[in-house]
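Remarks on the structure that follows.
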Amino acid sequence: MAEIFGNYFEVTPEQGAEHMCLSFKPSSVPIKQRWRNNGLSADFLGDYLTTFFPKNNNDPASIKKQVSIRDAAAYIANELLENAMKYSNEDGKVPNSIDLTLMEDKLIFTEINGINNEQENSFKSFIDELENNDPDELYMQRLEESAMTDISSGLGYLTMINDYQAAVGWKFDINNGEHKVTTQVVISI
Amino acid sequence: MNLIENENYKVAYDSEHQSVVFSGILRLGGMAEYAPIAECLEQAVAENSELKLSLKALEFLNSSGIAMLSKFVISARNKAEFSLQIIGSSEIPWQGKSLKNLQRLMPSLSLVLE
């Protein structure tokens with residue numbers, strides 16, 4: 001039985017005009033060594049999207065839109081991939097994947113990773129905090145806390161929600177005995 | 001000149017001109033990896049009464065980097081009579097979206113997007 005939190009809806013690739021998915025096998029290679037792949041993948045997704053938002057050098061608005069969409073896609077994809085790498089169950093068999101679906105008026109990021117019990121509980125308590133607080137206040141509170149601790153937990157989601165006006169939702173479910181979480185981020189374009 | 005750099009980014013603290021200039025792409029893996037840059041910024045706060053931080057050529061910053069900058073701004077806020085100016089670029093979308101939050105942490109901060 002899946003548990004749903006936040007703004008989450010099922011989306012099939014057929015619903016989108018364009019769609020791209022990158023999938024990675026959980027790995028025993030140290031995170032430090034794999035970290036740069038997050039940025040490479042995120043930039044690739046951002047660059048890929050620019051094809052669908054061509055710029056016309058005589059139209060400054062088209063240039064601005066392309067730059068803005070590329071930047072937002074690369075930021076959000078990178079944060080999702082960083083989270084997946086930091087918090088996924090590396091002993092499991094669930095591949096990490098990120099899917100980008102382009103619809104007429106929005107972009108949908110869907111990131112899936114395996115998760116262990118401890119990670120799942122910690123994640124759900126953050127979601128609970130997010131659902132019961134004003135995201136803007138929580139964001140400022142997290143920024144203040146960053147001065148006291150070296151933990152910036154949840155800041156990626158809070159920047160997406162507050163700075164990129166993203167809608168975020170989660171689905172937790174169990175597949176062949178393995179727990180996994182699907183994170184969905186939607187931005188208007 | 002205190003310089004921290006790798007193939008993706010450069011952070012240069014120039015004590016003579018009371019400035020720290022960031023450039024490139026910063027996507028380090030958490031606060032521990034940002035520690036050398038955070039220490040450089042702390043040093044810049046400790047050694048000056050006013051400071052100019054230029055982010056005009058910083059194309060990308062992840063959320064851990066935003067946390068690192070917040071920590072620095074709070075440290076500047078907590079130092080009496082400290083004047084901080086942050087210069088960004090209006091051409092780089094993340095800066096228009098996220099830098100204003102630093103000003104909310106320190107209302108006297110002068111934020112200029114050129």
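In the structure tokens, chains take the letters A, B, ... in the order shown, each chain's residues start at 1, and ligands count up from 1 in the order shown.
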Check every residue of chain B for an atom within 12 Å of chain A, counting only C-alpha atoms, and provide those that qualify as a ChimeraX atom specification.
/B:7-8,25-35,38,42,59-78,90-106
What are the DSSP strand (DSSP E) residues of segment 3-169 of chain A, as JSON, numbers by chain?
{"A": [3, 4, 5, 6, 18, 19, 20, 21, 22, 23, 24, 96, 97, 98, 99, 100, 101, 102, 106, 107, 108, 109, 110, 111, 112, 113, 114, 167, 168, 169]}
List the spatial neighbours of Ser97 of chain A as a VMD selection string - criterion: any atom at most 12 Å away, only C-alpha atoms, same-chain residues fewer than 5 positions off excluded.
chain A and resid 20 to 26 38 41 77 80 to 85 88 109 to 114 180 to 184
For the residues selected in the previous step, produce a file with N, CA and C atoms as an mmCIF file, in the first residue's frame.
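out28.cif written:
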data_model
loop_
_atom_site.group_PDB
_atom_site.id
_atom_site.type_symbol
_atom_site.label_atom_id
_atom_site.label_comp_id
_atom_site.auth_asym_id
_atom_site.auth_seq_id
_atom_site.Cartn_x
_atom_site.Cartn_y
_atom_site.Cartn_z
ATOM 1 N N MET A 20 12.411 12.202 -20.706
ATOM 2 C CA MET A 20 13.736 11.596 -20.701
ATOM 3 C C MET A 20 13.993 10.999 -19.337
ATOM 4 N N CYS A 21 14.595 9.837 -19.301
ATOM 5 C CA CYS A 21 14.846 9.183 -18.019
ATOM 6 C C CYS A 21 16.301 8.729 -17.937
ATOM 7 N N LEU A 22 16.936 9.002 -16.809
ATOM 8 C CA LEU A 22 18.283 8.503 -16.558
ATOM 9 C C LEU A 22 18.202 7.564 -15.368
ATOM 10 N N SER A 23 18.860 6.437 -15.466
ATOM 11 C CA SER A 23 18.782 5.450 -14.390
ATOM 12 C C SER A 23 20.193 5.012 -13.996
ATOM 13 N N PHE A 24 20.400 4.835 -12.695
ATOM 14 C CA PHE A 24 21.737 4.489 -12.195
ATOM 15 C C PHE A 24 21.634 3.312 -11.258
ATOM 16 N N LYS A 25 22.560 2.411 -11.357
ATOM 17 C CA LYS A 25 22.593 1.267 -10.456
ATOM 18 C C LYS A 25 23.186 1.719 -9.112
ATOM 19 N N PRO A 26 22.567 1.289 -7.985
ATOM 20 C CA PRO A 26 23.206 1.604 -6.696
ATOM 21 C C PRO A 26 24.639 1.086 -6.723
ATOM 22 N N ASN A 38 26.326 13.782 -10.449
ATOM 23 C CA ASN A 38 25.065 14.506 -10.221
ATOM 24 C C ASN A 38 25.015 15.760 -11.085
ATOM 25 N N SER A 41 24.811 14.942 -14.871
ATOM 26 C CA SER A 41 23.467 14.507 -15.284
ATOM 27 C C SER A 41 22.499 15.678 -15.275
ATOM 28 N N ALA A 77 17.202 19.170 -10.718
ATOM 29 C CA ALA A 77 17.697 17.813 -10.974
ATOM 30 C C ALA A 77 18.923 17.525 -10.112
ATOM 31 N N LEU A 80 17.866 16.848 -6.518
ATOM 32 C CA LEU A 80 17.223 15.533 -6.384
ATOM 33 C C LEU A 80 18.263 14.409 -6.453
ATOM 34 N N LEU A 81 19.212 14.556 -7.368
ATOM 35 C CA LEU A 81 20.241 13.521 -7.512
ATOM 36 C C LEU A 81 21.174 13.504 -6.293
ATOM 37 N N GLU A 82 21.506 14.685 -5.780
ATOM 38 C CA GLU A 82 22.355 14.743 -4.573
ATOM 39 C C GLU A 82 21.644 14.058 -3.408
ATOM 40 N N ASN A 83 20.348 14.367 -3.231
ATOM 41 C CA ASN A 83 19.589 13.736 -2.145
ATOM 42 C C ASN A 83 19.554 12.225 -2.314
ATOM 43 N N ALA A 84 19.297 11.790 -3.562
ATOM 44 C CA ALA A 84 19.205 10.348 -3.812
ATOM 45 C C ALA A 84 20.536 9.675 -3.484
ATOM 46 N N MET A 85 21.623 10.350 -3.816
ATOM 47 C CA MET A 85 22.928 9.743 -3.567
ATOM 48 C C MET A 85 23.236 9.712 -2.062
ATOM 49 N N SER A 88 19.968 7.292 -0.288
ATOM 50 C CA SER A 88 19.350 6.061 -0.782
ATOM 51 C C SER A 88 19.998 4.837 -0.148
ATOM 52 N N PHE A 109 9.618 16.580 -12.631
ATOM 53 C CA PHE A 109 10.796 15.777 -12.282
ATOM 54 C C PHE A 109 10.320 14.642 -11.398
ATOM 55 N N THR A 110 10.688 13.407 -11.730
ATOM 56 C CA THR A 110 10.310 12.268 -10.902
ATOM 57 C C THR A 110 11.581 11.496 -10.570
ATOM 58 N N GLU A 111 11.912 11.472 -9.316
ATOM 59 C CA GLU A 111 13.159 10.807 -8.890
ATOM 60 C C GLU A 111 12.789 9.628 -7.990
ATOM 61 N N ILE A 112 13.369 8.466 -8.270
ATOM 62 C CA ILE A 112 13.061 7.265 -7.486
ATOM 63 C C ILE A 112 14.350 6.698 -6.893
ATOM 64 N N ASN A 113 14.292 6.329 -5.613
ATOM 65 C CA ASN A 113 15.428 5.605 -5.034
ATOM 66 C C ASN A 113 14.980 4.668 -3.921
ATOM 67 N N GLY A 114 15.785 3.656 -3.688
ATOM 68 C CA GLY A 114 15.526 2.743 -2.575
ATOM 69 C C GLY A 114 15.857 3.450 -1.275
ATOM 70 N N LYS A 180 10.918 1.911 -1.323
ATOM 71 C CA LYS A 180 11.436 2.953 -2.222
ATOM 72 C C LYS A 180 10.609 4.215 -2.067
ATOM 73 N N VAL A 181 11.210 5.331 -2.430
ATOM 74 C CA VAL A 181 10.506 6.608 -2.383
ATOM 75 C C VAL A 181 10.575 7.254 -3.762
ATOM 76 N N THR A 182 9.436 7.786 -4.184
ATOM 77 C CA THR A 182 9.372 8.533 -5.432
ATOM 78 C C THR A 182 9.133 9.992 -5.061
ATOM 79 N N THR A 183 10.026 10.853 -5.488
ATOM 80 C CA THR A 183 9.875 12.289 -5.226
ATOM 81 C C THR A 183 9.489 12.966 -6.528
ATOM 82 N N GLN A 184 8.446 13.778 -6.454
ATOM 83 C CA GLN A 184 7.987 14.462 -7.658
ATOM 84 C C GLN A 184 8.043 15.980 -7.438
#
Asn2 of chain B: which residues within 7 Å, counting only C-alpha atoms, same-chain residues fewer than 5 positions away excluded, as a VMD selection string?
chain B and resid 12 to 14
Expected file contents, prior selection, N, CA and C atoms, as a JSON list (two decimals), in the first residue's frame:
[["chain", "number", "residue", "atom", "x", "y", "z"],
["B", 12, "ALA", "N", 38.50, 33.74, -4.50],
["B", 12, "ALA", "CA", 39.71, 34.53, -4.24],
["B", 12, "ALA", "C", 39.41, 35.62, -3.22],
["B", 13, "TYR", "N", 40.11, 35.56, -2.10],
["B", 13, "TYR", "CA", 39.98, 36.61, -1.06],
["B", 13, "TYR", "C", 41.15, 37.57, -1.21],
["B", 14, "ASP", "N", 40.82, 38.82, -1.48],
["B", 14, "ASP", "CA", 41.84, 39.85, -1.65],
["B", 14, "ASP", "C", 41.73, 40.79, -0.45]]
Using the chain letters and numbers from this document, which residues of segment 31-107 of chain A does DSSP assign to helix (DSSP H, G or I), as a ChimeraX atom specification?
/A:31-34,36-50,60-87
Would you export the selected residues with N, CA and C atoms as a compact mmCIF listing (two decimals), in the first residue's frame, please?
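Output file again22.txt follows:
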# COMPACT_ATOMS: atom_id res chain seq x y z
N ILE A 31 30.92 7.74 -2.46
CA ILE A 31 30.11 8.89 -2.90
C ILE A 31 30.98 10.02 -3.45
N LYS A 32 32.09 10.29 -2.76
CA LYS A 32 32.96 11.39 -3.19
C LYS A 32 33.37 11.24 -4.65
N GLN A 33 33.60 9.98 -5.03
CA GLN A 33 34.04 9.68 -6.39
C GLN A 33 32.89 9.82 -7.40
N ARG A 34 31.65 9.53 -6.92
CA ARG A 34 30.51 9.55 -7.84
C ARG A 34 29.83 10.91 -7.88
N ARG A 36 30.39 13.97 -8.77
CA ARG A 36 30.37 14.83 -9.95
C ARG A 36 29.34 14.38 -10.98
N ASN A 37 28.95 13.10 -10.92
CA ASN A 37 27.94 12.62 -11.88
C ASN A 37 26.60 13.32 -11.69
N ASN A 38 26.33 13.78 -10.45
CA ASN A 38 25.06 14.51 -10.22
C ASN A 38 25.02 15.76 -11.09
N GLY A 39 26.09 16.53 -11.02
CA GLY A 39 26.15 17.78 -11.80
C GLY A 39 26.13 17.51 -13.30
N LEU A 40 26.87 16.47 -13.72
CA LEU A 40 26.91 16.14 -15.15
C LEU A 40 25.52 15.78 -15.65
N SER A 41 24.81 14.94 -14.87
CA SER A 41 23.47 14.51 -15.28
C SER A 41 22.50 15.68 -15.27
N ALA A 42 22.59 16.50 -14.23
CA ALA A 42 21.68 17.64 -14.11
C ALA A 42 21.89 18.63 -15.26
N ASP A 43 23.16 18.90 -15.59
CA ASP A 43 23.44 19.82 -16.70
C ASP A 43 22.95 19.24 -18.02
N PHE A 44 23.11 17.93 -18.16
CA PHE A 44 22.65 17.27 -19.39
C PHE A 44 21.13 17.44 -19.54
N LEU A 45 20.40 17.21 -18.45
CA LEU A 45 18.94 17.36 -18.52
C LEU A 45 18.56 18.81 -18.84
N GLY A 46 19.26 19.75 -18.21
CA GLY A 46 18.98 21.17 -18.47
C GLY A 46 19.27 21.53 -19.93
N ASP A 47 20.42 21.07 -20.44
CA ASP A 47 20.79 21.37 -21.83
C ASP A 47 19.83 20.71 -22.81
N TYR A 48 19.44 19.49 -22.50
CA TYR A 48 18.52 18.73 -23.35
C TYR A 48 17.22 19.51 -23.55
N LEU A 49 16.74 20.10 -22.46
CA LEU A 49 15.48 20.84 -22.51
C LEU A 49 15.53 22.06 -23.42
N THR A 50 16.72 22.65 -23.56
CA THR A 50 16.80 23.91 -24.32
C THR A 50 16.35 23.72 -25.78
N PRO A 60 14.57 39.04 -26.96
CA PRO A 60 15.24 38.84 -25.66
C PRO A 60 14.44 37.95 -24.71
N ALA A 61 13.11 37.99 -24.82
CA ALA A 61 12.28 37.17 -23.92
C ALA A 61 12.54 35.68 -24.14
N SER A 62 12.76 35.30 -25.40
CA SER A 62 13.00 33.88 -25.70
C SER A 62 14.35 33.43 -25.14
N ILE A 63 15.33 34.34 -25.16
CA ILE A 63 16.66 34.02 -24.63
C ILE A 63 16.56 33.84 -23.12
N LYS A 64 15.83 34.78 -22.48
CA LYS A 64 15.68 34.74 -21.03
C LYS A 64 14.97 33.47 -20.60
N LYS A 65 13.93 33.11 -21.36
CA LYS A 65 13.16 31.91 -20.99
C LYS A 65 14.03 30.66 -21.08
N GLN A 66 14.81 30.56 -22.15
CA GLN A 66 15.65 29.37 -22.31
C GLN A 66 16.66 29.27 -21.16
N VAL A 67 17.29 30.40 -20.84
CA VAL A 67 18.30 30.41 -19.77
C VAL A 67 17.64 30.05 -18.43
N SER A 68 16.45 30.61 -18.21
CA SER A 68 15.76 30.39 -16.95
C SER A 68 15.34 28.92 -16.78
N ILE A 69 14.82 28.33 -17.84
CA ILE A 69 14.38 26.93 -17.75
C ILE A 69 15.58 26.00 -17.59
N ARG A 70 16.64 26.29 -18.30
CA ARG A 70 17.84 25.45 -18.19
C ARG A 70 18.39 25.51 -16.76
N ASP A 71 18.44 26.71 -16.21
CA ASP A 71 18.97 26.91 -14.86
C ASP A 71 18.10 26.19 -13.82
N ALA A 72 16.78 26.35 -13.94
CA ALA A 72 15.87 25.73 -12.96
C ALA A 72 15.95 24.21 -13.05
N ALA A 73 15.98 23.68 -14.28
CA ALA A 73 16.03 22.22 -14.45
C ALA A 73 17.34 21.67 -13.89
N ALA A 74 18.44 22.35 -14.17
CA ALA A 74 19.74 21.86 -13.68
C ALA A 74 19.79 21.94 -12.15
N TYR A 75 19.24 23.02 -11.57
CA TYR A 75 19.26 23.15 -10.10
C TYR A 75 18.43 22.04 -9.45
N ILE A 76 17.18 21.89 -9.92
CA ILE A 76 16.28 20.92 -9.28
C ILE A 76 16.79 19.49 -9.49
N ALA A 77 17.20 19.17 -10.72
CA ALA A 77 17.70 17.81 -10.97
C ALA A 77 18.92 17.52 -10.11
N ASN A 78 19.81 18.50 -10.00
CA ASN A 78 21.02 18.29 -9.19
C ASN A 78 20.67 18.04 -7.72
N GLU A 79 19.73 18.84 -7.18
CA GLU A 79 19.34 18.64 -5.78
C GLU A 79 18.71 17.26 -5.58
N LEU A 80 17.87 16.85 -6.52
CA LEU A 80 17.22 15.53 -6.38
C LEU A 80 18.26 14.41 -6.45
N LEU A 81 19.21 14.56 -7.37
CA LEU A 81 20.24 13.52 -7.51
C LEU A 81 21.17 13.50 -6.29
N GLU A 82 21.51 14.69 -5.78
CA GLU A 82 22.36 14.74 -4.57
C GLU A 82 21.64 14.06 -3.41
N ASN A 83 20.35 14.37 -3.23
CA ASN A 83 19.59 13.74 -2.15
C ASN A 83 19.55 12.23 -2.31
N ALA A 84 19.30 11.79 -3.56
CA ALA A 84 19.21 10.35 -3.81
C ALA A 84 20.54 9.68 -3.48
N MET A 85 21.62 10.35 -3.82
CA MET A 85 22.93 9.74 -3.57
C MET A 85 23.24 9.71 -2.06
N LYS A 86 22.83 10.77 -1.36
CA LYS A 86 23.14 10.82 0.08
C LYS A 86 22.23 9.91 0.89
N TYR A 87 20.97 9.80 0.47
CA TYR A 87 20.01 9.14 1.35
C TYR A 87 19.42 7.84 0.80
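Coordinates place atom CA of Phe82 of chain B at a distance of 9.2 Å from atom CA of Ser108 of chain B.
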Test item: residues at most 10 Å from Asn7 of chain A, only C-alpha atoms, excluding those fewer than 6 positions along its chain, as a ChimeraX atom specification
/A:166-171,183-186
Pick from A:Thr101, A:Ser27, A:Thr51, A:Asn56: nearest to Val11 of chain A, with only C-alpha atoms counted?
A:Thr101
Do you know which residues are at most 8 Å from Ser49 of chain B counting only C-alpha atoms, after dropping those on the same chain fewer than 4 positions away, and could you put them as a ChimeraX atom specification?
/B:45,81-83
Let me see the file: selected residues, C-alpha atoms, as an mmCIF file, in the first residue's frame.
data_model
loop_
_atom_site.group_PDB
_atom_site.id
_atom_site.type_symbol
_atom_site.label_atom_id
_atom_site.label_comp_id
_atom_site.auth_asym_id
_atom_site.auth_seq_id
_atom_site.Cartn_x
_atom_site.Cartn_y
_atom_site.Cartn_z
ATOM 1 C CA VAL B 45 34.822 38.857 8.251
ATOM 2 C CA GLU B 81 29.480 47.804 12.583
ATOM 3 C CA PHE B 82 30.169 45.433 9.713
ATOM 4 C CA SER B 83 29.228 46.499 6.212
#
Can you tell me, as a tab-separated table (two decimals) with C-alpha atoms, in the first residue's frame, what residues are no more than 8 Å from Ile4 of chain B when counting only C-alpha atoms, ignoring any on the same chain fewer than 4 positions away?
chain	number	residue	atom	x	y	z
B	10	LYS	CA	37.60	29.67	-7.90
B	11	VAL	CA	37.24	31.66	-4.67
B	12	ALA	CA	39.71	34.53	-4.24
B	36	PRO	CA	37.83	25.58	3.37
B	37	ILE	CA	35.68	28.23	1.63
